[in-house]
Amino acid sequence: MKKSFILFSAIALMSSTMIAQKPSDKQGATKTAVNADPQAAKNGAAVQSPSSQQNADLSMKFKNEEHSFGNMPEGPSVSYDFEFTNISKEPIVLSNVQASCGCTTPTWPKEPIAPGKTSKITATYNTQGRPGPFTKTITVTSNVGSKVLKISGTVEKAPESSVPTNNSSIMKH
């Protein structure tokens with residue numbers, strides 16, 4: 001009896017919490033939409049703010065947003081510079097540039113990029129031990145939004161004779 005009372009109380013508490021979180025005031029939602037775009041609210045359309053990708057597109061003009069290295073041998077790292085221009089009226093500060101995996105290393109300017117100035121983000125891909133096709137993304141986060149850049153290519157496996165052996169290993173076969 002005591003267990004069922006506790007169970008019933010828990011269910012009642014959870015359902016009341018879920019009901020309290022649902023927007024029950026449709027008029028309040030309309031007020032927000034009216035403030036944002038009266039025509040959209042009148043037509044019953046949902047009002048959405050522009051995505052951060054769109055904001056970055058209005059401020060950062062990249063020469064290329066994708067780069068293919070084509071076929072390359074396994075071993076050496078390869079790099080590509082994504083050049084961009086600040087086409088906005090405010091300085092752009094790149095707060096973070098993150099690669100989709102540890103095999104790609106981005107470098108970027110830490111100082112603000114003034115309006116009208118050009119800068120670059122360098123993406124370096126380590127081919128060692130990674131034969132086959134690859135596609136990697138680099139997410140650029142800034143004060144004007146986010147942008148996703150892409151590198152791709154195919155790493156051709158190095159011949160076995162060109163791969164150095166490690167005879168100084170502690171573990172013996």
# chains A, B, ... in the order shown; residues from 1 in each chain; ligands from 1
>>> residues_around(residues="Gly102 of chain A", least_positions_apart="3", cutoff="12 Å", atoms="only C-alpha atoms", output="mmCIF file with N, CA and C atoms, in the first residue's frame")
data_model
loop_
_atom_site.group_PDB
_atom_site.id
_atom_site.type_symbol
_atom_site.label_atom_id
_atom_site.label_comp_id
_atom_site.auth_asym_id
_atom_site.auth_seq_id
_atom_site.Cartn_x
_atom_site.Cartn_y
_atom_site.Cartn_z
ATOM 1 N N GLN A 98 37.028 24.404 -34.722
ATOM 2 C CA GLN A 98 37.062 23.015 -34.249
ATOM 3 C C GLN A 98 36.966 22.053 -35.425
ATOM 4 N N ALA A 99 37.918 21.130 -35.529
ATOM 5 C CA ALA A 99 37.885 20.096 -36.562
ATOM 6 C C ALA A 99 37.010 18.944 -36.098
ATOM 7 N N THR A 105 44.040 19.512 -37.923
ATOM 8 C CA THR A 105 44.400 20.570 -36.988
ATOM 9 C C THR A 105 44.177 21.932 -37.640
ATOM 10 N N PRO A 106 43.268 22.730 -37.085
ATOM 11 C CA PRO A 106 43.072 24.073 -37.637
ATOM 12 C C PRO A 106 43.917 25.109 -36.901
ATOM 13 N N ALA A 123 43.747 24.568 -42.439
ATOM 14 C CA ALA A 123 43.369 23.214 -42.024
ATOM 15 C C ALA A 123 44.480 22.269 -42.462
ATOM 16 N N THR A 124 45.055 21.535 -41.491
ATOM 17 C CA THR A 124 46.127 20.584 -41.777
ATOM 18 C C THR A 124 45.643 19.180 -41.462
ATOM 19 N N TYR A 125 45.741 18.285 -42.457
ATOM 20 C CA TYR A 125 45.291 16.896 -42.305
ATOM 21 C C TYR A 125 46.515 15.992 -42.246
ATOM 22 N N ASN A 126 46.576 15.124 -41.231
ATOM 23 C CA ASN A 126 47.666 14.185 -41.053
ATOM 24 C C ASN A 126 47.315 12.887 -41.778
ATOM 25 N N THR A 127 48.033 12.561 -42.846
ATOM 26 C CA THR A 127 47.727 11.381 -43.655
ATOM 27 C C THR A 127 48.326 10.089 -43.106
ATOM 28 N N LYS A 136 36.421 15.731 -43.965
ATOM 29 C CA LYS A 136 36.459 16.301 -42.620
ATOM 30 C C LYS A 136 35.866 17.705 -42.649
ATOM 31 N N THR A 137 35.262 18.085 -41.536
ATOM 32 C CA THR A 137 34.690 19.419 -41.432
ATOM 33 C C THR A 137 35.439 20.237 -40.387
ATOM 34 N N ILE A 138 35.419 21.537 -40.584
ATOM 35 C CA ILE A 138 36.007 22.484 -39.641
ATOM 36 C C ILE A 138 34.920 23.504 -39.334
#
>>> residues_around(residues="segment 70-75 of chain A", least_positions_apart="6", cutoff="7 Å", atoms="only C-alpha atoms", output="PyMOL selection string")
chain A and resi 127-129+131+153-158
>>> write_last_selection(atoms="N, CA and C atoms", output="JSON list (two decimals), in the first residue's frame")
[["chain", "number", "residue", "atom", "x", "y", "z"],
["A", 127, "THR", "N", 48.03, 12.56, -42.85],
["A", 127, "THR", "CA", 47.73, 11.38, -43.66],
["A", 127, "THR", "C", 48.33, 10.09, -43.11],
["A", 128, "GLN", "N", 49.28, 10.19, -42.19],
["A", 128, "GLN", "CA", 50.00, 9.01, -41.68],
["A", 128, "GLN", "C", 49.03, 8.01, -41.06],
["A", 129, "GLY", "N", 49.03, 6.78, -41.60],
["A", 129, "GLY", "CA", 48.20, 5.71, -41.05],
["A", 129, "GLY", "C", 46.72, 5.85, -41.38],
["A", 131, "PRO", "N", 45.05, 5.52, -44.77],
["A", 131, "PRO", "CA", 44.80, 5.33, -46.20],
["A", 131, "PRO", "C", 43.30, 5.27, -46.49],
["A", 153, "GLY", "N", 39.63, 14.18, -49.69],
["A", 153, "GLY", "CA", 40.68, 13.64, -50.53],
["A", 153, "GLY", "C", 40.76, 12.15, -50.37],
["A", 154, "THR", "N", 41.78, 11.57, -50.99],
["A", 154, "THR", "CA", 42.03, 10.14, -50.88],
["A", 154, "THR", "C", 43.51, 9.93, -50.61],
["A", 155, "VAL", "N", 43.80, 9.24, -49.53],
["A", 155, "VAL", "CA", 45.17, 8.93, -49.15],
["A", 155, "VAL", "C", 45.52, 7.57, -49.74],
["A", 156, "GLU", "N", 46.58, 7.52, -50.55],
["A", 156, "GLU", "CA", 47.03, 6.27, -51.16],
["A", 156, "GLU", "C", 48.00, 5.59, -50.21],
["A", 157, "LYS", "N", 47.71, 4.33, -49.89],
["A", 157, "LYS", "CA", 48.52, 3.58, -48.94],
["A", 157, "LYS", "C", 49.97, 3.52, -49.40],
["A", 158, "ALA", "N", 50.88, 3.78, -48.47],
["A", 158, "ALA", "CA", 52.31, 3.74, -48.77],
["A", 158, "ALA", "C", 52.76, 2.30, -48.93]]
>>> atom_distance(atom1="atom CA of Glu90 of chain A", atom2="atom CA of Met60 of chain A")
11.0 Å
>>> select_by_dssp(residues="segment 69-110 of chain A", states="strand (DSSP E)", output="ChimeraX atom specification")
/A:69-73,78-86,94-99,104-107
>>> write_last_selection(atoms="N, CA and C atoms", output="mmCIF file, in the first residue's frame")
data_model
loop_
_atom_site.group_PDB
_atom_site.id
_atom_site.type_symbol
_atom_site.label_atom_id
_atom_site.label_comp_id
_atom_site.auth_asym_id
_atom_site.auth_seq_id
_atom_site.Cartn_x
_atom_site.Cartn_y
_atom_site.Cartn_z
ATOM 1 N N PHE A 69 41.854 17.682 -51.778
ATOM 2 C CA PHE A 69 43.279 17.490 -51.997
ATOM 3 C C PHE A 69 43.527 16.515 -53.148
ATOM 4 N N GLY A 70 42.485 15.799 -53.575
ATOM 5 C CA GLY A 70 42.649 14.784 -54.612
ATOM 6 C C GLY A 70 43.352 13.579 -54.025
ATOM 7 N N ASN A 71 44.170 12.903 -54.833
ATOM 8 C CA ASN A 71 44.941 11.750 -54.357
ATOM 9 C C ASN A 71 46.276 12.232 -53.820
ATOM 10 N N MET A 72 46.688 11.667 -52.682
ATOM 11 C CA MET A 72 47.963 12.048 -52.076
ATOM 12 C C MET A 72 48.577 10.824 -51.403
ATOM 13 N N PRO A 73 49.896 10.800 -51.289
ATOM 14 C CA PRO A 73 50.543 9.652 -50.658
ATOM 15 C C PRO A 73 50.387 9.682 -49.136
ATOM 16 N N VAL A 78 49.079 17.420 -45.095
ATOM 17 C CA VAL A 78 48.714 18.366 -46.149
ATOM 18 C C VAL A 78 47.914 19.493 -45.518
ATOM 19 N N SER A 79 48.060 20.707 -46.073
ATOM 20 C CA SER A 79 47.371 21.876 -45.519
ATOM 21 C C SER A 79 46.676 22.658 -46.618
ATOM 22 N N TYR A 80 45.627 23.370 -46.206
ATOM 23 C CA TYR A 80 44.930 24.268 -47.120
ATOM 24 C C TYR A 80 44.524 25.512 -46.344
ATOM 25 N N ASP A 81 44.688 26.668 -46.970
ATOM 26 C CA ASP A 81 44.303 27.941 -46.364
ATOM 27 C C ASP A 81 42.929 28.364 -46.882
ATOM 28 N N PHE A 82 41.956 28.452 -45.988
ATOM 29 C CA PHE A 82 40.639 28.983 -46.329
ATOM 30 C C PHE A 82 40.701 30.493 -46.120
ATOM 31 N N GLU A 83 40.782 31.244 -47.201
ATOM 32 C CA GLU A 83 40.866 32.700 -47.107
ATOM 33 C C GLU A 83 39.464 33.288 -47.062
ATOM 34 N N PHE A 84 39.307 34.317 -46.226
ATOM 35 C CA PHE A 84 38.018 34.993 -46.126
ATOM 36 C C PHE A 84 38.228 36.486 -45.919
ATOM 37 N N THR A 85 37.172 37.237 -46.256
ATOM 38 C CA THR A 85 37.177 38.686 -46.092
ATOM 39 C C THR A 85 36.026 39.084 -45.188
ATOM 40 N N ASN A 86 36.274 40.014 -44.288
ATOM 41 C CA ASN A 86 35.225 40.550 -43.425
ATOM 42 C C ASN A 86 34.434 41.557 -44.255
ATOM 43 N N LEU A 94 37.221 35.418 -34.162
ATOM 44 C CA LEU A 94 37.048 33.970 -34.223
ATOM 45 C C LEU A 94 37.303 33.419 -32.819
ATOM 46 N N SER A 95 36.250 32.941 -32.168
ATOM 47 C CA SER A 95 36.389 32.458 -30.797
ATOM 48 C C SER A 95 36.840 31.008 -30.744
ATOM 49 N N ASN A 96 36.505 30.207 -31.776
ATOM 50 C CA ASN A 96 36.912 28.805 -31.792
ATOM 51 C C ASN A 96 36.835 28.283 -33.217
ATOM 52 N N VAL A 97 37.780 27.428 -33.556
ATOM 53 C CA VAL A 97 37.756 26.716 -34.829
ATOM 54 C C VAL A 97 38.024 25.265 -34.478
ATOM 55 N N GLN A 98 37.028 24.404 -34.722
ATOM 56 C CA GLN A 98 37.062 23.015 -34.249
ATOM 57 C C GLN A 98 36.966 22.053 -35.425
ATOM 58 N N ALA A 99 37.918 21.130 -35.529
ATOM 59 C CA ALA A 99 37.885 20.096 -36.562
ATOM 60 C C ALA A 99 37.010 18.944 -36.098
ATOM 61 N N THR A 104 42.780 16.265 -38.022
ATOM 62 C CA THR A 104 42.797 17.571 -38.675
ATOM 63 C C THR A 104 43.063 18.646 -37.635
ATOM 64 N N THR A 105 44.040 19.512 -37.923
ATOM 65 C CA THR A 105 44.400 20.570 -36.988
ATOM 66 C C THR A 105 44.177 21.932 -37.640
ATOM 67 N N PRO A 106 43.268 22.730 -37.085
ATOM 68 C CA PRO A 106 43.072 24.073 -37.637
ATOM 69 C C PRO A 106 43.917 25.109 -36.901
ATOM 70 N N THR A 107 44.334 26.134 -37.619
ATOM 71 C CA THR A 107 44.960 27.312 -37.012
ATOM 72 C C THR A 107 44.231 28.526 -37.563
#
>>> closest_residue(among="A:Thr135, A:Ser142, A:Ser100, A:Ser59", to="Pro112 of chain A", atoms="only C-alpha atoms")
A:Ser142
>>> closest_residue(among="A:Val144, A:Ile151, A:Cys103, A:Ile92", to="Asp57 of chain A", atoms="only C-alpha atoms")
A:Val144
>>> atom_distance(atom1="atom CA of Ile87 of chain A", atom2="atom CA of Ser152 of chain A")
27.1 Å
>>> atom_distance(atom1="atom CA of Lys150 of chain A", atom2="atom CA of Phe134 of chain A")
10.4 Å
>>> residues_around(residues="Pro91 of chain A", least_positions_apart="2", cutoff="8 Å", atoms="only C-alpha atoms", output="ChimeraX atom specification")
/A:86,88-89,93,112-115
>>> write_last_selection(atoms="N, CA and C atoms", output="PDB file, in the first residue's frame")
ATOM      1  N   ASN A  86      36.274  40.014 -44.288  1.00  0.00           N
ATOM      2  CA  ASN A  86      35.225  40.550 -43.425  1.00  0.00           C
ATOM      3  C   ASN A  86      34.434  41.557 -44.255  1.00  0.00           C
ATOM      4  N   SER A  88      31.460  42.723 -43.272  1.00  0.00           N
ATOM      5  CA  SER A  88      30.523  43.412 -42.377  1.00  0.00           C
ATOM      6  C   SER A  88      31.083  44.776 -41.988  1.00  0.00           C
ATOM      7  N   LYS A  89      30.372  45.458 -41.122  1.00  0.00           N
ATOM      8  CA  LYS A  89      30.802  46.781 -40.656  1.00  0.00           C
ATOM      9  C   LYS A  89      31.386  46.731 -39.252  1.00  0.00           C
ATOM     10  N   VAL A  93      35.684  38.404 -34.602  1.00  0.00           N
ATOM     11  CA  VAL A  93      36.572  37.716 -33.676  1.00  0.00           C
ATOM     12  C   VAL A  93      36.243  36.229 -33.750  1.00  0.00           C
ATOM     13  N   PRO A 112      41.207  40.374 -33.776  1.00  0.00           N
ATOM     14  CA  PRO A 112      40.012  40.718 -34.563  1.00  0.00           C
ATOM     15  C   PRO A 112      40.384  41.051 -36.020  1.00  0.00           C
ATOM     16  N   ILE A 113      39.490  40.674 -36.928  1.00  0.00           N
ATOM     17  CA  ILE A 113      39.661  40.983 -38.346  1.00  0.00           C
ATOM     18  C   ILE A 113      38.791  42.200 -38.639  1.00  0.00           C
ATOM     19  N   ALA A 114      39.413  43.302 -38.986  1.00  0.00           N
ATOM     20  CA  ALA A 114      38.700  44.562 -39.213  1.00  0.00           C
ATOM     21  C   ALA A 114      37.840  44.477 -40.479  1.00  0.00           C
ATOM     22  N   PRO A 115      36.795  45.308 -40.558  1.00  0.00           N
ATOM     23  CA  PRO A 115      35.955  45.333 -41.765  1.00  0.00           C
ATOM     24  C   PRO A 115      36.805  45.599 -43.020  1.00  0.00           C
TER      25      PRO A 115
END
